[in-house]
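Here's the structure, in structure tokens; my notes come after.
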Amino acid sequence: MSSTREKALIVSFVEMLIDFVPTESGVSLAESPGFLKAPGGAPANVAIAVTRLGGRSAFVGKLGGDEFGHMLAGILRENGVDDTGVSFDKGARTVLAFVRLRSDGEREFMFYRNPSADMLLRPDELNLELIRSAKVFHYGSISLITDTTRKHRSAHLKAMEVAKEAGALLSYDPNLREPLWPSPEEARKQIMSVWDKAEIIKVSDVELEFLTENKTIDDESAMSLWHPNLKLLLVTLGEDGCRYYTKKFHGAVQTFNVNAVDTTGAGDSFVGAFLSKIVDDQSVLEEEKKLRKVLRFANACGAITTTKKGAIPALPSDSEALSFIKDNQRRSNNPFKSFQFVI
């Protein structure tokens with residue numbers, strides 16, 4: 001078996017923050033008796049999800065030169081993520097997000113980030129050598145939010161350009177956080193401004209509805225987002241699993257039944273699991289049987305992540321995910337169990 005050092009590198013860009021998760025679900029932020037401090041941020045979650053599963057990843061971004069920022073960099077290192085692409089800004093704070101948990105485990109966000117350190121990342125601060133070494137370059141849309149300086153947007157575009165020129169596969173998860181955008185129209189415009197560059201795109205059902213302005217979640221709606229350079233479009237459907245679309249085939253893979261406590265990070269766990277399986281074998285994108293097997297694994301990782309509070313603390317290891325799949329398969333094969341597992 002290949003060692004972690006020999007595995008191809010997945011580089012995530014650019015968001016990392018502190019989530020404050022309420023200790024009690026179903027109440028307002030003001031009514032919550034306390035909060036659990038949990039490191040997060042979609043690209044950072046993906047990077048750690050990859051290493052948790054035995055893969056190799058790096059994170060490129062900017063953190064505040066405060067205690068939270070240095071704590072987050074330490075968490076990257078503790079989880080085996082290469083942090084040589086991380087810079088610090090002494091004049092700006094690390095992003096904080098307060099997460100309201102609904103009784104069903106779904107969440108709403110309130111952010112403190114005007115301006116935060118990640119918004120101040122400049123193109124000349126990028127670790128271009130690290131970016132050029134990526135086999136997969138993964139990013140979101142938060143750094144596309146325009147500001148008066150447009151520094152972080154320029155850094156985002158530069159990083160994408162360098163990664164693509166070096167031969168990396170570009171992976172895009174918009175990770176819509178509508179409260180951060182000036183308007184829904186601006187969010188759609190900027191999210192779609194880099195759409196045709198990505199070769200793998202993952203959206204949630206909520207994001208599909210938002211981007212297409214169509215409440216119907218079906219194949220026609222999903223394929224309206226297709227572009228010629230795309231190799232794979234993934235639509236995650238929460239408790240209903242996911243759908244996949246390629247140039248040659250499409251289908252659906254159902255997920256696992258779990259008692260969801262907190263869905264924060266579930267999509268990132270899914271993405272990290274998926275990327276960790278394709279980075280060294282991109283034939284997965286062309287062979288449906290292989291793709292379905294990988295998506296089943298990714299669904300398992302996403303499901304496991306919802307059973308604990310916080311994103312990074314809940315990300316599973318490879319052995320945990322495989323054991324979870326095996327246990328569910330055994331239950332599904334037992335005719336005396338009412339539980340049914342379907343892929």
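To be explicit about the labels: the chains of the structure tokens are called A, B, and onward in the order shown, and within each one the residues are counted from 1, while ligands get numbers from 1 in the order they are shown.
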Spatial neighbours of region 98-110 of chain A, 9 Å, only C-alpha atoms, chain gap at least 5 places, as a ChimeraX atom specification = /A:18-22,24-29,32,35,177,179-180,260-264,306
Quick one: everything within 9 Å of Asp89 (chain A), counting only C-alpha atoms, minus sequence neighbours fewer than 3 positions away in the same chain. Send it as an NGL selection string.
-> :A and (62-66 or 92-94 or 117-118 or 120-121)
Selection to disk with all heavy atoms, as a CSV table (one decimal), in the first residue's frame:
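Below is the file part27.csv, written as the result:
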chain,number,residue,atom,x,y,z
A,62,LYS,N,-5.4,32.6,4.5
A,62,LYS,CA,-4.9,33.6,5.4
A,62,LYS,C,-5.7,33.6,6.7
A,62,LYS,O,-7.0,33.6,6.6
A,62,LYS,CB,-4.9,35.0,4.7
A,62,LYS,CG,-4.1,36.0,5.5
A,62,LYS,CD,-3.9,37.3,4.6
A,62,LYS,CE,-2.8,38.2,5.1
A,62,LYS,NZ,-2.7,39.4,4.3
A,63,LEU,N,-5.1,33.6,7.8
A,63,LEU,CA,-5.7,33.6,9.1
A,63,LEU,C,-5.3,34.9,9.9
A,63,LEU,O,-4.3,35.5,9.6
A,63,LEU,CB,-5.3,32.4,9.9
A,63,LEU,CG,-5.6,31.0,9.3
A,63,LEU,CD1,-5.0,29.9,10.1
A,63,LEU,CD2,-7.1,30.8,9.2
A,64,GLY,N,-6.1,35.2,10.8
A,64,GLY,CA,-5.8,36.4,11.7
A,64,GLY,C,-4.6,36.1,12.5
A,64,GLY,O,-4.4,34.9,12.9
A,65,GLY,N,-3.8,37.1,12.8
A,65,GLY,CA,-2.6,36.9,13.7
A,65,GLY,C,-3.1,37.0,15.1
A,65,GLY,O,-2.4,37.6,16.0
A,66,ASP,N,-4.1,36.3,15.4
A,66,ASP,CA,-4.7,36.3,16.8
A,66,ASP,C,-4.6,34.8,17.3
A,66,ASP,O,-4.2,33.9,16.6
A,66,ASP,CB,-6.1,36.8,16.8
A,66,ASP,CG,-7.0,36.1,15.8
A,66,ASP,OD1,-6.8,35.0,15.4
A,66,ASP,OD2,-8.0,36.8,15.3
A,92,ALA,N,-5.9,41.9,11.2
A,92,ALA,CA,-7.2,41.4,10.9
A,92,ALA,C,-7.5,40.2,11.8
A,92,ALA,O,-6.6,39.5,12.2
A,92,ALA,CB,-7.4,41.1,9.5
A,93,ARG,N,-8.8,40.0,12.0
A,93,ARG,CA,-9.2,38.9,12.9
A,93,ARG,C,-9.6,37.6,12.1
A,93,ARG,O,-9.9,37.7,10.9
A,93,ARG,CB,-10.5,39.3,13.7
A,93,ARG,CG,-10.3,40.5,14.6
A,93,ARG,CD,-9.2,40.2,15.7
A,93,ARG,NE,-9.2,41.2,16.7
A,93,ARG,CZ,-8.2,41.2,17.6
A,93,ARG,NH1,-7.3,40.3,17.7
A,93,ARG,NH2,-8.2,42.2,18.5
A,94,THR,N,-9.5,36.5,12.8
A,94,THR,CA,-10.0,35.2,12.2
A,94,THR,C,-11.5,35.2,12.1
A,94,THR,O,-12.1,35.8,13.0
A,94,THR,CB,-9.4,34.1,13.0
A,94,THR,OG1,-8.0,34.1,13.0
A,94,THR,CG2,-9.9,32.7,12.5
A,117,ALA,N,-9.3,38.2,8.1
A,117,ALA,CA,-8.0,38.0,7.5
A,117,ALA,C,-8.1,37.3,6.1
A,117,ALA,O,-7.3,37.6,5.2
A,117,ALA,CB,-7.1,37.1,8.4
A,118,ASP,N,-9.0,36.3,6.0
A,118,ASP,CA,-9.1,35.6,4.7
A,118,ASP,C,-9.5,36.5,3.5
A,118,ASP,O,-9.1,36.3,2.4
A,118,ASP,CB,-10.1,34.5,4.8
A,118,ASP,CG,-11.5,35.0,5.0
A,118,ASP,OD1,-11.7,35.7,6.0
A,118,ASP,OD2,-12.5,34.6,4.3
A,120,LEU,N,-8.3,39.4,3.0
A,120,LEU,CA,-7.1,40.3,2.7
A,120,LEU,C,-6.0,39.5,2.1
A,120,LEU,O,-4.9,40.1,1.9
A,120,LEU,CB,-6.7,40.9,4.0
A,120,LEU,CG,-7.7,41.8,4.8
A,120,LEU,CD1,-7.2,42.3,6.1
A,120,LEU,CD2,-8.2,42.9,3.9
A,121,LEU,N,-6.2,38.2,1.7
A,121,LEU,CA,-5.2,37.5,1.0
A,121,LEU,C,-4.9,38.1,-0.3
A,121,LEU,O,-5.7,38.3,-1.1
A,121,LEU,CB,-5.6,36.0,0.9
A,121,LEU,CG,-4.6,35.1,0.2
A,121,LEU,CD1,-3.4,34.9,1.0
A,121,LEU,CD2,-5.3,33.7,-0.1
Tell me, in Å to one decimal, how far CA of Asp219 (chain A) is from CA of Val206 (chain A).
->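 Taking CA of Asp219 (chain A) as the start and CA of Val206 (chain A) as the end point, the length is 14.6 Å.
By only C-alpha atoms, and with residues fewer than 4 positions from Ala303 (chain A) along its chain excluded, the set lying at most 8 Å from it is Thr255, Phe256, Asn257, Val258, Ala260, Ala266, Asn299 and Thr307 of chain A.
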As an MDAnalysis selection string, which residues of region 141-308 of chain A does DSSP assign to helix (DSSP H, G or I)?
-> chainID A and resid 142:144 151:165 178:180 184:193 195:197 205:212 219:223 238:240 266:278 282:285 288:305
Residue with smallest distance to Gly265 (chain A) - pool A:Asn45, A:Phe210, A:Gly241, A:Leu130, counting only C-alpha atoms = A:Asn45
Long-range neighbours of Gly61 (chain A) as a list of chain:residue names, 10 Å cut-off, only C-alpha atoms, 2 positions minimum in chain | A:Ser12, A:Phe13, A:Val14, A:Glu15, A:Met16, A:Pro43, A:Ala44, A:Phe59, A:Leu63, A:Asp83, A:Thr84, A:Gly85, A:Val86, A:Ser87, A:Phe88, A:Ala117, A:Asp118, A:Met119, A:Leu120, A:Leu121, A:Arg122, A:Glu125, A:Leu126, A:Asn127, A:His152, A:Ala155, A:His156
Give me the residues within 10 Å of Arg153 (chain A) as a short mmCIF file (atom, residue, chain, number, x, y, z; two decimals) with all heavy atoms, in the first residue's frame, counting only C-alpha atoms and dropping any in the same chain fewer than 3 places off.
data_model
loop_
_atom_site.label_atom_id
_atom_site.label_comp_id
_atom_site.auth_asym_id
_atom_site.auth_seq_id
_atom_site.Cartn_x
_atom_site.Cartn_y
_atom_site.Cartn_z
N MET A 119 -10.18 37.64 3.84
CA MET A 119 -10.57 38.60 2.81
C MET A 119 -9.40 39.45 2.33
O MET A 119 -9.51 40.16 1.33
CB MET A 119 -11.67 39.52 3.35
CG MET A 119 -12.94 38.81 3.76
SD MET A 119 -14.13 39.90 4.58
CE MET A 119 -14.60 40.99 3.24
N LEU A 120 -8.28 39.39 3.04
CA LEU A 120 -7.14 40.25 2.74
C LEU A 120 -5.98 39.51 2.08
O LEU A 120 -4.89 40.06 1.92
CB LEU A 120 -6.65 40.93 4.03
CG LEU A 120 -7.72 41.76 4.77
CD1 LEU A 120 -7.16 42.31 6.07
CD2 LEU A 120 -8.24 42.88 3.88
N LEU A 121 -6.20 38.25 1.72
CA LEU A 121 -5.16 37.48 1.05
C LEU A 121 -4.85 38.09 -0.32
O LEU A 121 -5.74 38.32 -1.13
CB LEU A 121 -5.61 36.02 0.88
CG LEU A 121 -4.62 35.09 0.18
CD1 LEU A 121 -3.36 34.90 1.00
CD2 LEU A 121 -5.28 33.73 -0.10
N ARG A 122 -3.56 38.36 -0.56
CA ARG A 122 -3.12 38.97 -1.83
C ARG A 122 -2.49 37.91 -2.74
O ARG A 122 -1.93 36.92 -2.27
CB ARG A 122 -2.09 40.07 -1.57
CG ARG A 122 -2.55 41.17 -0.64
CD ARG A 122 -1.53 42.32 -0.65
NE ARG A 122 -0.18 41.85 -0.40
CZ ARG A 122 0.38 41.75 0.82
NH1 ARG A 122 -0.31 42.09 1.90
NH2 ARG A 122 1.64 41.34 0.96
N PRO A 123 -2.54 38.13 -4.06
CA PRO A 123 -1.91 37.19 -4.99
C PRO A 123 -0.43 36.96 -4.70
O PRO A 123 0.06 35.84 -4.85
CB PRO A 123 -2.12 37.87 -6.36
CG PRO A 123 -3.36 38.68 -6.18
CD PRO A 123 -3.30 39.20 -4.77
N SER A 141 -16.69 29.50 -2.99
CA SER A 141 -17.05 30.78 -3.61
C SER A 141 -16.92 31.96 -2.65
O SER A 141 -17.06 33.11 -3.07
CB SER A 141 -18.50 30.73 -4.12
OG SER A 141 -19.42 30.65 -3.04
N ILE A 142 -16.66 31.70 -1.36
CA ILE A 142 -16.62 32.79 -0.38
C ILE A 142 -15.59 33.84 -0.77
O ILE A 142 -15.83 35.05 -0.62
CB ILE A 142 -16.29 32.23 1.03
CG1 ILE A 142 -17.36 31.23 1.47
CG2 ILE A 142 -16.17 33.37 2.04
CD1 ILE A 142 -18.75 31.79 1.56
N SER A 143 -14.44 33.40 -1.31
CA SER A 143 -13.39 34.36 -1.67
C SER A 143 -13.70 35.11 -2.96
O SER A 143 -12.90 35.95 -3.39
CB SER A 143 -12.04 33.63 -1.81
OG SER A 143 -12.18 32.48 -2.62
N LEU A 144 -14.85 34.85 -3.56
CA LEU A 144 -15.27 35.61 -4.75
C LEU A 144 -16.13 36.81 -4.38
O LEU A 144 -16.48 37.61 -5.24
CB LEU A 144 -16.05 34.70 -5.71
CG LEU A 144 -15.28 33.52 -6.30
CD1 LEU A 144 -16.24 32.63 -7.08
CD2 LEU A 144 -14.15 34.01 -7.20
N ILE A 145 -16.48 36.90 -3.10
CA ILE A 145 -17.28 38.05 -2.66
C ILE A 145 -16.45 39.31 -2.82
O ILE A 145 -15.34 39.41 -2.32
CB ILE A 145 -17.71 37.89 -1.19
CG1 ILE A 145 -18.59 36.63 -1.04
CG2 ILE A 145 -18.48 39.12 -0.70
CD1 ILE A 145 -18.94 36.31 0.40
N THR A 146 -16.98 40.26 -3.56
CA THR A 146 -16.22 41.47 -3.87
C THR A 146 -16.17 42.41 -2.69
O THR A 146 -17.08 42.48 -1.87
CB THR A 146 -16.85 42.21 -5.07
OG1 THR A 146 -18.22 42.48 -4.78
CG2 THR A 146 -16.76 41.38 -6.34
N ASP A 147 -15.06 43.15 -2.60
CA ASP A 147 -14.92 44.21 -1.60
C ASP A 147 -14.22 45.39 -2.26
O ASP A 147 -13.99 45.39 -3.46
CB ASP A 147 -14.15 43.70 -0.37
CG ASP A 147 -12.70 43.37 -0.71
OD1 ASP A 147 -12.36 43.36 -1.90
OD2 ASP A 147 -11.92 43.14 0.23
N THR A 149 -11.17 46.33 -2.12
CA THR A 149 -9.81 46.06 -2.59
C THR A 149 -9.75 44.95 -3.62
O THR A 149 -8.86 44.92 -4.45
CB THR A 149 -8.92 45.64 -1.41
OG1 THR A 149 -9.40 44.41 -0.88
CG2 THR A 149 -8.93 46.70 -0.32
N ARG A 150 -10.70 44.00 -3.56
CA ARG A 150 -10.78 42.84 -4.45
C ARG A 150 -9.52 41.97 -4.37
O ARG A 150 -9.25 41.19 -5.27
CB ARG A 150 -10.99 43.31 -5.91
CG ARG A 150 -12.23 44.14 -6.12
CD ARG A 150 -12.35 44.62 -7.57
NE ARG A 150 -12.62 43.53 -8.47
CZ ARG A 150 -13.83 43.12 -8.81
NH1 ARG A 150 -14.89 43.70 -8.28
NH2 ARG A 150 -14.00 42.13 -9.66
N HIS A 156 -7.78 34.38 -5.49
CA HIS A 156 -8.52 33.18 -5.87
C HIS A 156 -8.31 32.86 -7.35
O HIS A 156 -7.99 31.72 -7.72
CB HIS A 156 -10.01 33.40 -5.59
CG HIS A 156 -10.87 32.20 -5.86
ND1 HIS A 156 -11.84 31.77 -4.98
CD2 HIS A 156 -10.94 31.34 -6.91
CE1 HIS A 156 -12.44 30.70 -5.47
NE2 HIS A 156 -11.92 30.44 -6.64
N LEU A 157 -8.49 33.85 -8.20
CA LEU A 157 -8.35 33.65 -9.65
C LEU A 157 -6.93 33.27 -10.02
O LEU A 157 -6.70 32.41 -10.89
CB LEU A 157 -8.79 34.91 -10.40
CG LEU A 157 -10.26 35.31 -10.20
CD1 LEU A 157 -10.57 36.60 -10.95
CD2 LEU A 157 -11.20 34.19 -10.65
N LYS A 158 -5.95 33.88 -9.36
CA LYS A 158 -4.55 33.56 -9.61
C LYS A 158 -4.25 32.12 -9.21
O LYS A 158 -3.58 31.39 -9.95
CB LYS A 158 -3.65 34.51 -8.82
CG LYS A 158 -2.16 34.23 -8.93
CD LYS A 158 -1.63 34.49 -10.33
CE LYS A 158 -0.12 34.36 -10.39
NZ LYS A 158 0.42 34.58 -11.75
N ALA A 159 -4.74 31.71 -8.07
CA ALA A 159 -4.50 30.34 -7.59
C ALA A 159 -5.11 29.32 -8.54
O ALA A 159 -4.48 28.30 -8.87
CB ALA A 159 -5.07 30.17 -6.19
N GLN A 190 -21.39 35.97 -9.16
CA GLN A 190 -20.00 35.66 -8.82
C GLN A 190 -19.75 34.16 -8.75
O GLN A 190 -18.69 33.68 -9.16
CB GLN A 190 -19.62 36.34 -7.50
CG GLN A 190 -19.66 37.86 -7.56
CD GLN A 190 -18.78 38.44 -8.66
OE1 GLN A 190 -17.79 37.85 -9.07
NE2 GLN A 190 -19.17 39.61 -9.15
#
Contact residues around Thr246 (chain A) with only C-alpha atoms at 10 Å, ignoring same-chain residues under 4 positions, as a list of chain:residue names =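 The contact residues come out as A:Ile200, A:Met223, A:Trp226, A:Leu230, A:Lys231, A:Leu232, A:Leu233, A:Leu234, A:His250, A:Gly251, A:Leu285, A:Glu286, A:Glu287, A:Glu288.
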Among region 177-275 of chain A, which ones does DSSP place in strand (DSSP E or B), written as a ChimeraX atom specification?
-> /A:200-204,232-236,242-245,250-253
Extract, using only C-alpha atoms, all DNA, RNA and protein residues at most 12 Å from Ala47 (chain A), discarding same-chain residues fewer than 3 positions from it, and format them as a ChimeraX atom specification.
-> /A:9-16,40-44,50-61,75-77,79-83,136-139,265,268-276,311-312,315
Counting only C-alpha atoms, closest pick from A:Glu239, A:Asp281, A:Asp196, A:Glu129 relative to Ile304 (chain A) is A:Glu239
